Each structure stands twice: as C-alpha cells, then as structure tokens.
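Peer 1: Next up, structure-v4.cif (mmCIF, N, CA and C atoms).
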data_coords
#
loop_
_atom_site.group_PDB
_atom_site.id
_atom_site.type_symbol
_atom_site.label_atom_id
_atom_site.label_comp_id
_atom_site.auth_asym_id
_atom_site.auth_seq_id
_atom_site.Cartn_x
_atom_site.Cartn_y
_atom_site.Cartn_z
ATOM 1 N N MET D 1 176.140 82.172 73.191
ATOM 2 C CA MET D 1 175.214 82.424 72.102
ATOM 3 C C MET D 1 175.855 83.309 71.037
ATOM 4 N N TYR D 2 176.463 84.416 71.444
ATOM 5 C CA TYR D 2 177.127 85.307 70.514
ATOM 6 C C TYR D 2 178.634 85.229 70.742
ATOM 7 N N ASP D 3 179.401 85.337 69.666
ATOM 8 C CA ASP D 3 180.846 85.413 69.840
ATOM 9 C C ASP D 3 181.237 86.877 70.075
ATOM 10 N N LEU D 4 182.498 87.116 70.392
ATOM 11 C CA LEU D 4 182.952 88.457 70.762
ATOM 12 C C LEU D 4 182.744 89.464 69.640
ATOM 13 N N GLU D 5 183.011 89.050 68.403
ATOM 14 C CA GLU D 5 182.870 89.959 67.265
ATOM 15 C C GLU D 5 181.422 90.422 67.102
ATOM 16 N N SER D 6 180.459 89.511 67.205
ATOM 17 C CA SER D 6 179.063 89.898 67.044
ATOM 18 C C SER D 6 178.584 90.750 68.216
ATOM 19 N N LYS D 7 179.128 90.511 69.434
ATOM 20 C CA LYS D 7 178.772 91.348 70.579
ATOM 21 C C LYS D 7 179.236 92.783 70.358
ATOM 22 N N LEU D 8 180.458 92.961 69.846
ATOM 23 C CA LEU D 8 180.981 94.298 69.593
ATOM 24 C C LEU D 8 180.185 94.995 68.502
ATOM 25 N N TYR D 9 179.827 94.260 67.444
ATOM 26 C CA TYR D 9 179.029 94.833 66.361
ATOM 27 C C TYR D 9 177.665 95.262 66.888
ATOM 28 N N PHE D 10 177.046 94.399 67.691
ATOM 29 C CA PHE D 10 175.717 94.683 68.222
ATOM 30 C C PHE D 10 175.759 95.911 69.128
ATOM 31 N N LYS D 11 176.799 96.008 69.963
ATOM 32 C CA LYS D 11 176.935 97.148 70.871
ATOM 33 C C LYS D 11 177.108 98.448 70.083
ATOM 34 N N SER D 12 177.933 98.443 69.043
ATOM 35 C CA SER D 12 178.130 99.651 68.251
ATOM 36 C C SER D 12 176.863 100.002 67.475
ATOM 37 N N TYR D 13 176.110 99.002 67.042
ATOM 38 C CA TYR D 13 174.864 99.244 66.319
ATOM 39 C C TYR D 13 173.852 99.927 67.235
ATOM 40 N N ILE D 14 173.786 99.495 68.486
ATOM 41 C CA ILE D 14 172.861 100.085 69.444
ATOM 42 C C ILE D 14 173.226 101.543 69.706
ATOM 43 N N GLN D 15 174.510 101.827 69.818
ATOM 44 C CA GLN D 15 174.946 103.186 70.116
ATOM 45 C C GLN D 15 174.638 104.143 68.972
ATOM 46 N N ARG D 16 174.610 103.642 67.736
ATOM 47 C CA ARG D 16 174.324 104.495 66.581
ATOM 48 C C ARG D 16 172.839 104.714 66.374
ATOM 49 N N GLY D 17 172.020 103.740 66.764
ATOM 50 C CA GLY D 17 170.608 103.740 66.413
ATOM 51 C C GLY D 17 169.726 104.572 67.318
ATOM 52 N N VAL D 18 168.451 104.555 66.992
ATOM 53 C CA VAL D 18 167.436 105.250 67.759
ATOM 54 C C VAL D 18 166.669 104.205 68.560
ATOM 55 N N ASN D 19 166.640 104.360 69.876
ATOM 56 C CA ASN D 19 165.954 103.393 70.725
ATOM 57 C C ASN D 19 164.467 103.722 70.822
ATOM 58 N N LEU D 20 163.646 102.767 70.440
ATOM 59 C CA LEU D 20 162.194 102.916 70.446
ATOM 60 C C LEU D 20 161.569 101.626 70.970
ATOM 61 N N THR D 21 160.249 101.592 70.976
ATOM 62 C CA THR D 21 159.543 100.336 71.238
ATOM 63 C C THR D 21 158.893 99.890 69.928
ATOM 64 N N LEU D 22 158.401 98.666 69.912
ATOM 65 C CA LEU D 22 157.731 98.167 68.707
ATOM 66 C C LEU D 22 156.534 99.045 68.344
ATOM 67 N N ALA D 23 155.850 99.563 69.344
ATOM 68 C CA ALA D 23 154.667 100.391 69.094
ATOM 69 C C ALA D 23 155.021 101.693 68.379
ATOM 70 N N ASP D 24 156.269 102.147 68.485
ATOM 71 C CA ASP D 24 156.710 103.390 67.842
ATOM 72 C C ASP D 24 157.094 103.203 66.381
ATOM 73 N N MET D 25 157.260 101.962 65.946
ATOM 74 C CA MET D 25 157.691 101.709 64.566
ATOM 75 C C MET D 25 156.578 102.049 63.585
ATOM 76 N N LYS D 26 156.974 102.587 62.456
ATOM 77 C CA LYS D 26 156.041 102.866 61.360
ATOM 78 C C LYS D 26 156.031 101.662 60.412
ATOM 79 N N GLU D 27 155.043 101.633 59.515
ATOM 80 C CA GLU D 27 155.002 100.545 58.530
ATOM 81 C C GLU D 27 156.285 100.550 57.711
ATOM 82 N N ASN D 28 156.799 99.372 57.432
ATOM 83 C CA ASN D 28 158.014 99.125 56.646
ATOM 84 C C ASN D 28 159.303 99.507 57.367
ATOM 85 N N ASP D 29 159.240 99.896 58.636
ATOM 86 C CA ASP D 29 160.456 100.119 59.424
ATOM 87 C C ASP D 29 161.051 98.770 59.817
ATOM 88 N N CYS D 30 162.377 98.701 59.841
ATOM 89 C CA CYS D 30 163.086 97.506 60.290
ATOM 90 C C CYS D 30 163.933 97.861 61.494
ATOM 91 N N GLY D 31 164.073 96.914 62.400
ATOM 92 C CA GLY D 31 164.874 97.168 63.584
ATOM 93 C C GLY D 31 165.420 95.884 64.169
ATOM 94 N N ILE D 32 166.143 96.031 65.272
ATOM 95 C CA ILE D 32 166.704 94.900 65.998
ATOM 96 C C ILE D 32 166.183 94.953 67.421
ATOM 97 N N ILE D 33 165.741 93.820 67.924
ATOM 98 C CA ILE D 33 165.182 93.751 69.274
ATOM 99 C C ILE D 33 166.280 93.946 70.309
ATOM 100 N N LEU D 34 166.025 94.830 71.277
ATOM 101 C CA LEU D 34 166.960 95.089 72.368
ATOM 102 C C LEU D 34 166.568 94.345 73.640
ATOM 103 N N TYR D 35 165.289 94.376 73.974
ATOM 104 C CA TYR D 35 164.837 93.775 75.230
ATOM 105 C C TYR D 35 163.333 93.550 75.202
ATOM 106 N N ILE D 36 162.859 92.724 76.125
ATOM 107 C CA ILE D 36 161.440 92.598 76.438
ATOM 108 C C ILE D 36 161.310 92.912 77.918
ATOM 109 N N SER D 37 160.467 93.850 78.238
ATOM 110 C CA SER D 37 160.292 94.277 79.622
ATOM 111 C C SER D 37 159.821 93.124 80.505
ATOM 112 N N ASN D 38 160.275 93.107 81.741
ATOM 113 C CA ASN D 38 159.832 92.090 82.697
ATOM 114 C C ASN D 38 158.358 92.222 83.045
ATOM 115 N N GLU D 39 157.773 93.385 82.781
ATOM 116 C CA GLU D 39 156.360 93.609 83.064
ATOM 117 C C GLU D 39 155.442 93.049 81.980
ATOM 118 N N CYS D 40 156.014 92.557 80.910
ATOM 119 C CA CYS D 40 155.231 92.007 79.796
ATOM 120 C C CYS D 40 154.627 90.671 80.204
ATOM 121 N N GLU D 41 153.308 90.572 80.126
ATOM 122 C CA GLU D 41 152.600 89.368 80.555
ATOM 123 C C GLU D 41 152.818 88.181 79.616
ATOM 124 N N ILE D 42 153.178 88.460 78.369
ATOM 125 C CA ILE D 42 153.357 87.367 77.402
ATOM 126 C C ILE D 42 154.826 87.204 77.007
ATOM 127 N N LYS D 43 155.720 87.552 77.919
ATOM 128 C CA LYS D 43 157.157 87.506 77.630
ATOM 129 C C LYS D 43 157.595 86.121 77.161
ATOM 130 N N ARG D 44 157.186 85.083 77.843
ATOM 131 C CA ARG D 44 157.569 83.715 77.476
ATOM 132 C C ARG D 44 157.055 83.358 76.082
ATOM 133 N N ARG D 45 155.839 83.737 75.786
ATOM 134 C CA ARG D 45 155.261 83.439 74.472
ATOM 135 C C ARG D 45 156.020 84.175 73.368
ATOM 136 N N LEU D 46 156.427 85.418 73.647
ATOM 137 C CA LEU D 46 157.198 86.177 72.663
ATOM 138 C C LEU D 46 158.553 85.520 72.408
ATOM 139 N N PHE D 47 159.210 85.056 73.474
ATOM 140 C CA PHE D 47 160.474 84.332 73.303
ATOM 141 C C PHE D 47 160.275 83.116 72.396
ATOM 142 N N ASP D 48 159.200 82.388 72.619
ATOM 143 C CA ASP D 48 158.925 81.194 71.819
ATOM 144 C C ASP D 48 158.691 81.515 70.347
ATOM 145 N N MET D 49 158.196 82.717 70.064
ATOM 146 C CA MET D 49 157.933 83.121 68.673
ATOM 147 C C MET D 49 159.137 83.770 68.009
ATOM 148 N N GLY D 50 160.259 83.911 68.738
ATOM 149 C CA GLY D 50 161.469 84.451 68.129
ATOM 150 C C GLY D 50 161.816 85.870 68.520
ATOM 151 N N PHE D 51 161.096 86.445 69.470
ATOM 152 C CA PHE D 51 161.394 87.794 69.940
ATOM 153 C C PHE D 51 162.556 87.712 70.929
ATOM 154 N N ILE D 52 163.766 87.625 70.377
ATOM 155 C CA ILE D 52 164.976 87.441 71.170
ATOM 156 C C ILE D 52 165.923 88.586 70.839
ATOM 157 N N LYS D 53 166.655 89.056 71.848
ATOM 158 C CA LYS D 53 167.605 90.144 71.669
ATOM 159 C C LYS D 53 168.529 89.855 70.488
ATOM 160 N N GLY D 54 168.611 90.804 69.568
ATOM 161 C CA GLY D 54 169.473 90.667 68.405
ATOM 162 C C GLY D 54 168.754 90.237 67.141
ATOM 163 N N ASN D 55 167.520 89.746 67.240
ATOM 164 C CA ASN D 55 166.776 89.334 66.046
ATOM 165 C C ASN D 55 166.224 90.550 65.316
ATOM 166 N N GLU D 56 166.208 90.455 63.985
ATOM 167 C CA GLU D 56 165.646 91.528 63.171
ATOM 168 C C GLU D 56 164.133 91.413 63.152
ATOM 169 N N ILE D 57 163.478 92.571 63.123
ATOM 170 C CA ILE D 57 162.016 92.619 63.090
ATOM 171 C C ILE D 57 161.598 93.776 62.207
ATOM 172 N N SER D 58 160.481 93.618 61.504
ATOM 173 C CA SER D 58 159.972 94.716 60.686
ATOM 174 C C SER D 58 158.476 94.866 60.913
ATOM 175 N N CYS D 59 158.016 96.097 60.832
ATOM 176 C CA CYS D 59 156.596 96.396 60.987
ATOM 177 C C CYS D 59 155.947 96.232 59.615
ATOM 178 N N VAL D 60 155.019 95.303 59.525
ATOM 179 C CA VAL D 60 154.388 94.987 58.248
ATOM 180 C C VAL D 60 153.117 95.797 58.038
ATOM 181 N N ARG D 61 152.319 95.896 59.085
ATOM 182 C CA ARG D 61 151.010 96.541 58.937
ATOM 183 C C ARG D 61 150.554 97.117 60.270
ATOM 184 N N ARG D 62 149.951 98.286 60.215
ATOM 185 C CA ARG D 62 149.377 98.917 61.407
ATOM 186 C C ARG D 62 147.881 99.114 61.189
ATOM 187 N N ASN D 63 147.102 98.821 62.188
ATOM 188 C CA ASN D 63 145.666 99.064 62.136
ATOM 189 C C ASN D 63 145.435 100.569 62.265
ATOM 190 N N PHE D 64 144.472 101.101 61.534
ATOM 191 C CA PHE D 64 144.245 102.536 61.601
ATOM 192 C C PHE D 64 143.749 102.986 62.975
ATOM 193 N N LEU D 65 143.253 102.061 63.787
ATOM 194 C CA LEU D 65 142.850 102.390 65.157
ATOM 195 C C LEU D 65 144.016 102.281 66.140
ATOM 196 N N GLY D 66 145.154 101.745 65.687
ATOM 197 C CA GLY D 66 146.338 101.662 66.530
ATOM 198 C C GLY D 66 146.663 100.282 67.063
ATOM 199 N N SER D 67 145.699 99.400 67.104
ATOM 200 C CA SER D 67 145.951 98.067 67.645
ATOM 201 C C SER D 67 145.037 97.072 66.941
ATOM 202 N N PRO D 68 145.489 95.930 66.532
ATOM 203 C CA PRO D 68 146.819 95.346 66.671
ATOM 204 C C PRO D 68 147.778 95.831 65.581
ATOM 205 N N ILE D 69 149.049 95.492 65.765
ATOM 206 C CA ILE D 69 150.109 95.844 64.813
ATOM 207 C C ILE D 69 150.785 94.547 64.383
ATOM 208 N N ALA D 70 151.022 94.380 63.079
ATOM 209 C CA ALA D 70 151.625 93.156 62.556
ATOM 210 C C ALA D 70 153.124 93.358 62.326
ATOM 211 N N TYR D 71 153.906 92.371 62.764
ATOM 212 C CA TYR D 71 155.361 92.399 62.625
ATOM 213 C C TYR D 71 155.836 91.123 61.967
ATOM 214 N N LYS D 72 156.900 91.236 61.169
ATOM 215 C CA LYS D 72 157.511 90.057 60.562
ATOM 216 C C LYS D 72 158.798 89.752 61.308
ATOM 217 N N ILE D 73 158.894 88.519 61.820
ATOM 218 C CA ILE D 73 160.073 88.086 62.558
ATOM 219 C C ILE D 73 160.285 86.608 62.303
ATOM 220 N N GLU D 74 161.522 86.239 62.009
ATOM 221 C CA GLU D 74 161.873 84.833 61.780
ATOM 222 C C GLU D 74 160.987 84.185 60.705
ATOM 223 N N GLY D 75 160.613 84.958 59.687
ATOM 224 C CA GLY D 75 159.826 84.421 58.585
ATOM 225 C C GLY D 75 158.341 84.301 58.848
ATOM 226 N N SER D 76 157.876 84.735 60.008
ATOM 227 C CA SER D 76 156.458 84.676 60.360
ATOM 228 C C SER D 76 155.920 86.074 60.606
ATOM 229 N N VAL D 77 154.630 86.233 60.383
ATOM 230 C CA VAL D 77 153.968 87.496 60.695
ATOM 231 C C VAL D 77 153.178 87.306 61.981
ATOM 232 N N VAL D 78 153.432 88.194 62.950
ATOM 233 C CA VAL D 78 152.818 88.101 64.271
ATOM 234 C C VAL D 78 152.126 89.421 64.567
ATOM 235 N N ALA D 79 150.882 89.368 65.032
ATOM 236 C CA ALA D 79 150.155 90.578 65.410
ATOM 237 C C ALA D 79 150.172 90.721 66.927
ATOM 238 N N LEU D 80 150.520 91.924 67.387
ATOM 239 C CA LEU D 80 150.565 92.212 68.815
ATOM 240 C C LEU D 80 149.653 93.375 69.149
ATOM 241 N N ARG D 81 149.070 93.343 70.343
ATOM 242 C CA ARG D 81 148.336 94.502 70.835
ATOM 243 C C ARG D 81 149.339 95.618 71.117
ATOM 244 N N LYS D 82 148.880 96.839 71.053
ATOM 245 C CA LYS D 82 149.761 97.982 71.284
ATOM 246 C C LYS D 82 150.360 97.930 72.691
ATOM 247 N N ASN D 83 149.581 97.493 73.689
ATOM 248 C CA ASN D 83 150.090 97.385 75.068
ATOM 249 C C ASN D 83 151.308 96.477 75.141
ATOM 250 N N ASP D 84 151.255 95.339 74.447
ATOM 251 C CA ASP D 84 152.380 94.405 74.457
ATOM 252 C C ASP D 84 153.547 94.931 73.631
ATOM 253 N N ALA D 85 153.242 95.604 72.525
ATOM 254 C CA ALA D 85 154.292 96.142 71.656
ATOM 255 C C ALA D 85 155.080 97.244 72.359
ATOM 256 N N GLN D 86 154.459 97.953 73.298
ATOM 257 C CA GLN D 86 155.142 99.019 74.024
ATOM 258 C C GLN D 86 156.162 98.474 75.017
ATOM 259 N N LYS D 87 156.151 97.185 75.267
ATOM 260 C CA LYS D 87 157.058 96.582 76.243
ATOM 261 C C LYS D 87 158.254 95.887 75.597
ATOM 262 N N VAL D 88 158.393 96.038 74.276
ATOM 263 C CA VAL D 88 159.521 95.437 73.557
ATOM 264 C C VAL D 88 160.356 96.565 72.958
ATOM 265 N N GLY D 89 161.614 96.670 73.394
ATOM 266 C CA GLY D 89 162.493 97.728 72.915
ATOM 267 C C GLY D 89 163.226 97.318 71.657
ATOM 268 N N VAL D 90 163.358 98.261 70.719
ATOM 269 C CA VAL D 90 164.056 98.012 69.462
ATOM 270 C C VAL D 90 164.969 99.191 69.150
ATOM 271 N N VAL D 91 165.910 98.947 68.272
ATOM 272 C CA VAL D 91 166.741 100.003 67.715
ATOM 273 C C VAL D 91 166.577 99.937 66.207
ATOM 274 N N LEU D 92 166.385 101.113 65.579
ATOM 275 C CA LEU D 92 166.177 101.162 64.127
ATOM 276 C C LEU D 92 167.496 101.332 63.407
#
What is this file in structure tokens?
Peer 2:
Amino acid sequence: MYDLESKLYFKSYIQRGVNLTLADMKENDCGIILYISNECEIKRRLFDMGFIKGNEISCVRRNFLGSPIAYKIEGSVVALRKNDAQKVGVVL
C-alpha cells in the first residue's frame, strides 16, 4: 500500500506530532489517522467511509453539547458520536 519513502515520512510525522483522538480535536483542526481501536463497534463502517491509517481528516463542526462531531474525510462530511470518535487515534 505504501512505498518505503512514504512509510519513513509517515513515521517521522508521527514522532513530531501530538497524539490525540478524534474527540480531542477542535474545530478547524487537521490531522492524520493513526489507528482505529479494536473495541470500536463500527470499525468496519469507518473503514468503508475512508477512515484508514494515513488519511487526512479535519474537524468541521462540534455540537455545543459535545456529540455528534462532524469531520471531513475523503471529500465527505461524516458525523460521529463522541464515544466512537474517542476510539480513533490521530496526530495533529
């Protein structure tokens, strides 16, 4: 999937960045997906929507109550519950 050069770039990017979850992102923050926890009940559905390690994601909108949170990924806007967003790791 990735060639050696992109793997090295991705590894160095992770080491420089701040590791958070999607739920920790503020509006207009951009990041790169690191992982989806195995405990996530909708892991397969997230993969189908483009939540894959290395993809860029940005937080578009947050509900003032905290859930749901809207993210832009692969040209689409997807809203996730805070519980599900806490199971996806990102680096800013």
Peer 1: Using atom CA of Val77 of chain D and atom N of Val60 of chain D as the two end points, give the distance in Å to one decimal.
Peer 2: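 Calculated distance between atom CA of Val77 of chain D and atom N of Val60 of chain D is 8.0 Å.
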Peer 1: Could you pull out the residues in chain D that DSSP calls alpha helix (DSSP H) from the backbone, as a list in words?
Peer 2: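 After running DSSP on the backbone, chain D has alpha helix (DSSP H) at Leu4, Glu5, Ser6, Lys7, Leu8, Tyr9, Phe10, Lys11, Ser12, Tyr13, Ile14, Gln15, Arg16, Lys43, Arg44, Arg45, Leu46, Phe47, Asp48, Lys82, Asn83, Asp84 and Ala85 of chain D.
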Peer 1: Between D:Ser37, D:Asn28, D:Asn19, D:Asn55, which is the closest to Gln86 of chain D once you count only C-alpha atoms?
Peer 2: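 Nearest to Gln86 of chain D: D:Ser37.
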Peer 1: With only N, CA and C atoms as the basis for distance, which of D:Lys53, D:Leu92, D:Asn63, D:Ala23 is at the shortest distance from Ile36 of chain D?
Peer 2: D:Lys53
Peer 1: Pull out every residue that the PyMOL selection byres (((chain D and resi 21 and name CA) around 7) and name CA) matches in the shown coordinates and put them as a VMD selection string.
Peer 2: chain D and resid 20 22 to 24 85 to 90
Peer 1: Have a look at D:Leu65, D:Asp48, D:Val91, D:Lys72 and name the one nearest to Ile32 of chain D; count only N, CA and C atoms.
Peer 2: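 Ranking D:Leu65, D:Asp48, D:Val91, D:Lys72 by distance to Ile32 of chain D, first place goes to D:Val91.
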Peer 1: Could you please determine the separation between atom CA of Lys43 of chain D and atom CA of Leu80 of chain D in Å, to one decimal place?
Peer 2: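 Atom-to-atom, atom CA of Lys43 of chain D to atom CA of Leu80 of chain D, that is 12.0 Å.
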Peer 1: Find the distance between atom CA of Glu39 of chain D and atom CA of Asn83 of chain D and write it in Å to one decimal.
Peer 2: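 Separation between atom CA of Glu39 of chain D and atom CA of Asn83 of chain D: 10.8 Å.
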Peer 1: Evaluate the PyMOL selection byres ((chain D and resi 27) around 6.5) here and jot the selected residues down as a ChimeraX atom specification.
Peer 2: /D:25-26,28-29,59-62
Peer 1: If you run DSSP on the backbone, which residues of chain D are strand (DSSP E or B), as a PyMOL selection string?
Peer 2: chain D and resi 19-21+30-36+56-62+69-73+76-80+88-91
Peer 1: With N, CA and C atoms retained, could you export that selection as a CSV table (one decimal), keeping the file's coordinate frame?
Peer 2:
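Writing the result to selection04.csv gives the following:
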chain,number,residue,atom,x,y,z
D,19,ASN,N,166.6,104.4,69.9
D,19,ASN,CA,166.0,103.4,70.7
D,19,ASN,C,164.5,103.7,70.8
D,20,LEU,N,163.6,102.8,70.4
D,20,LEU,CA,162.2,102.9,70.4
D,20,LEU,C,161.6,101.6,71.0
D,21,THR,N,160.2,101.6,71.0
D,21,THR,CA,159.5,100.3,71.2
D,21,THR,C,158.9,99.9,69.9
D,30,CYS,N,162.4,98.7,59.8
D,30,CYS,CA,163.1,97.5,60.3
D,30,CYS,C,163.9,97.9,61.5
D,31,GLY,N,164.1,96.9,62.4
D,31,GLY,CA,164.9,97.2,63.6
D,31,GLY,C,165.4,95.9,64.2
D,32,ILE,N,166.1,96.0,65.3
D,32,ILE,CA,166.7,94.9,66.0
D,32,ILE,C,166.2,95.0,67.4
D,33,ILE,N,165.7,93.8,67.9
D,33,ILE,CA,165.2,93.8,69.3
D,33,ILE,C,166.3,93.9,70.3
D,34,LEU,N,166.0,94.8,71.3
D,34,LEU,CA,167.0,95.1,72.4
D,34,LEU,C,166.6,94.3,73.6
D,35,TYR,N,165.3,94.4,74.0
D,35,TYR,CA,164.8,93.8,75.2
D,35,TYR,C,163.3,93.6,75.2
D,36,ILE,N,162.9,92.7,76.1
D,36,ILE,CA,161.4,92.6,76.4
D,36,ILE,C,161.3,92.9,77.9
D,56,GLU,N,166.2,90.5,64.0
D,56,GLU,CA,165.6,91.5,63.2
D,56,GLU,C,164.1,91.4,63.2
D,57,ILE,N,163.5,92.6,63.1
D,57,ILE,CA,162.0,92.6,63.1
D,57,ILE,C,161.6,93.8,62.2
D,58,SER,N,160.5,93.6,61.5
D,58,SER,CA,160.0,94.7,60.7
D,58,SER,C,158.5,94.9,60.9
D,59,CYS,N,158.0,96.1,60.8
D,59,CYS,CA,156.6,96.4,61.0
D,59,CYS,C,155.9,96.2,59.6
D,60,VAL,N,155.0,95.3,59.5
D,60,VAL,CA,154.4,95.0,58.2
D,60,VAL,C,153.1,95.8,58.0
D,61,ARG,N,152.3,95.9,59.1
D,61,ARG,CA,151.0,96.5,58.9
D,61,ARG,C,150.6,97.1,60.3
D,62,ARG,N,150.0,98.3,60.2
D,62,ARG,CA,149.4,98.9,61.4
D,62,ARG,C,147.9,99.1,61.2
D,69,ILE,N,149.0,95.5,65.8
D,69,ILE,CA,150.1,95.8,64.8
D,69,ILE,C,150.8,94.5,64.4
D,70,ALA,N,151.0,94.4,63.1
D,70,ALA,CA,151.6,93.2,62.6
D,70,ALA,C,153.1,93.4,62.3
D,71,TYR,N,153.9,92.4,62.8
D,71,TYR,CA,155.4,92.4,62.6
D,71,TYR,C,155.8,91.1,62.0
D,72,LYS,N,156.9,91.2,61.2
D,72,LYS,CA,157.5,90.1,60.6
D,72,LYS,C,158.8,89.8,61.3
D,73,ILE,N,158.9,88.5,61.8
D,73,ILE,CA,160.1,88.1,62.6
D,73,ILE,C,160.3,86.6,62.3
D,76,SER,N,157.9,84.7,60.0
D,76,SER,CA,156.5,84.7,60.4
D,76,SER,C,155.9,86.1,60.6
D,77,VAL,N,154.6,86.2,60.4
D,77,VAL,CA,154.0,87.5,60.7
D,77,VAL,C,153.2,87.3,62.0
D,78,VAL,N,153.4,88.2,63.0
D,78,VAL,CA,152.8,88.1,64.3
D,78,VAL,C,152.1,89.4,64.6
D,79,ALA,N,150.9,89.4,65.0
D,79,ALA,CA,150.2,90.6,65.4
D,79,ALA,C,150.2,90.7,66.9
D,80,LEU,N,150.5,91.9,67.4
D,80,LEU,CA,150.6,92.2,68.8
D,80,LEU,C,149.7,93.4,69.1
D,88,VAL,N,158.4,96.0,74.3
D,88,VAL,CA,159.5,95.4,73.6
D,88,VAL,C,160.4,96.6,73.0
D,89,GLY,N,161.6,96.7,73.4
D,89,GLY,CA,162.5,97.7,72.9
D,89,GLY,C,163.2,97.3,71.7
D,90,VAL,N,163.4,98.3,70.7
D,90,VAL,CA,164.1,98.0,69.5
D,90,VAL,C,165.0,99.2,69.2
D,91,VAL,N,165.9,98.9,68.3
D,91,VAL,CA,166.7,100.0,67.7
D,91,VAL,C,166.6,99.9,66.2
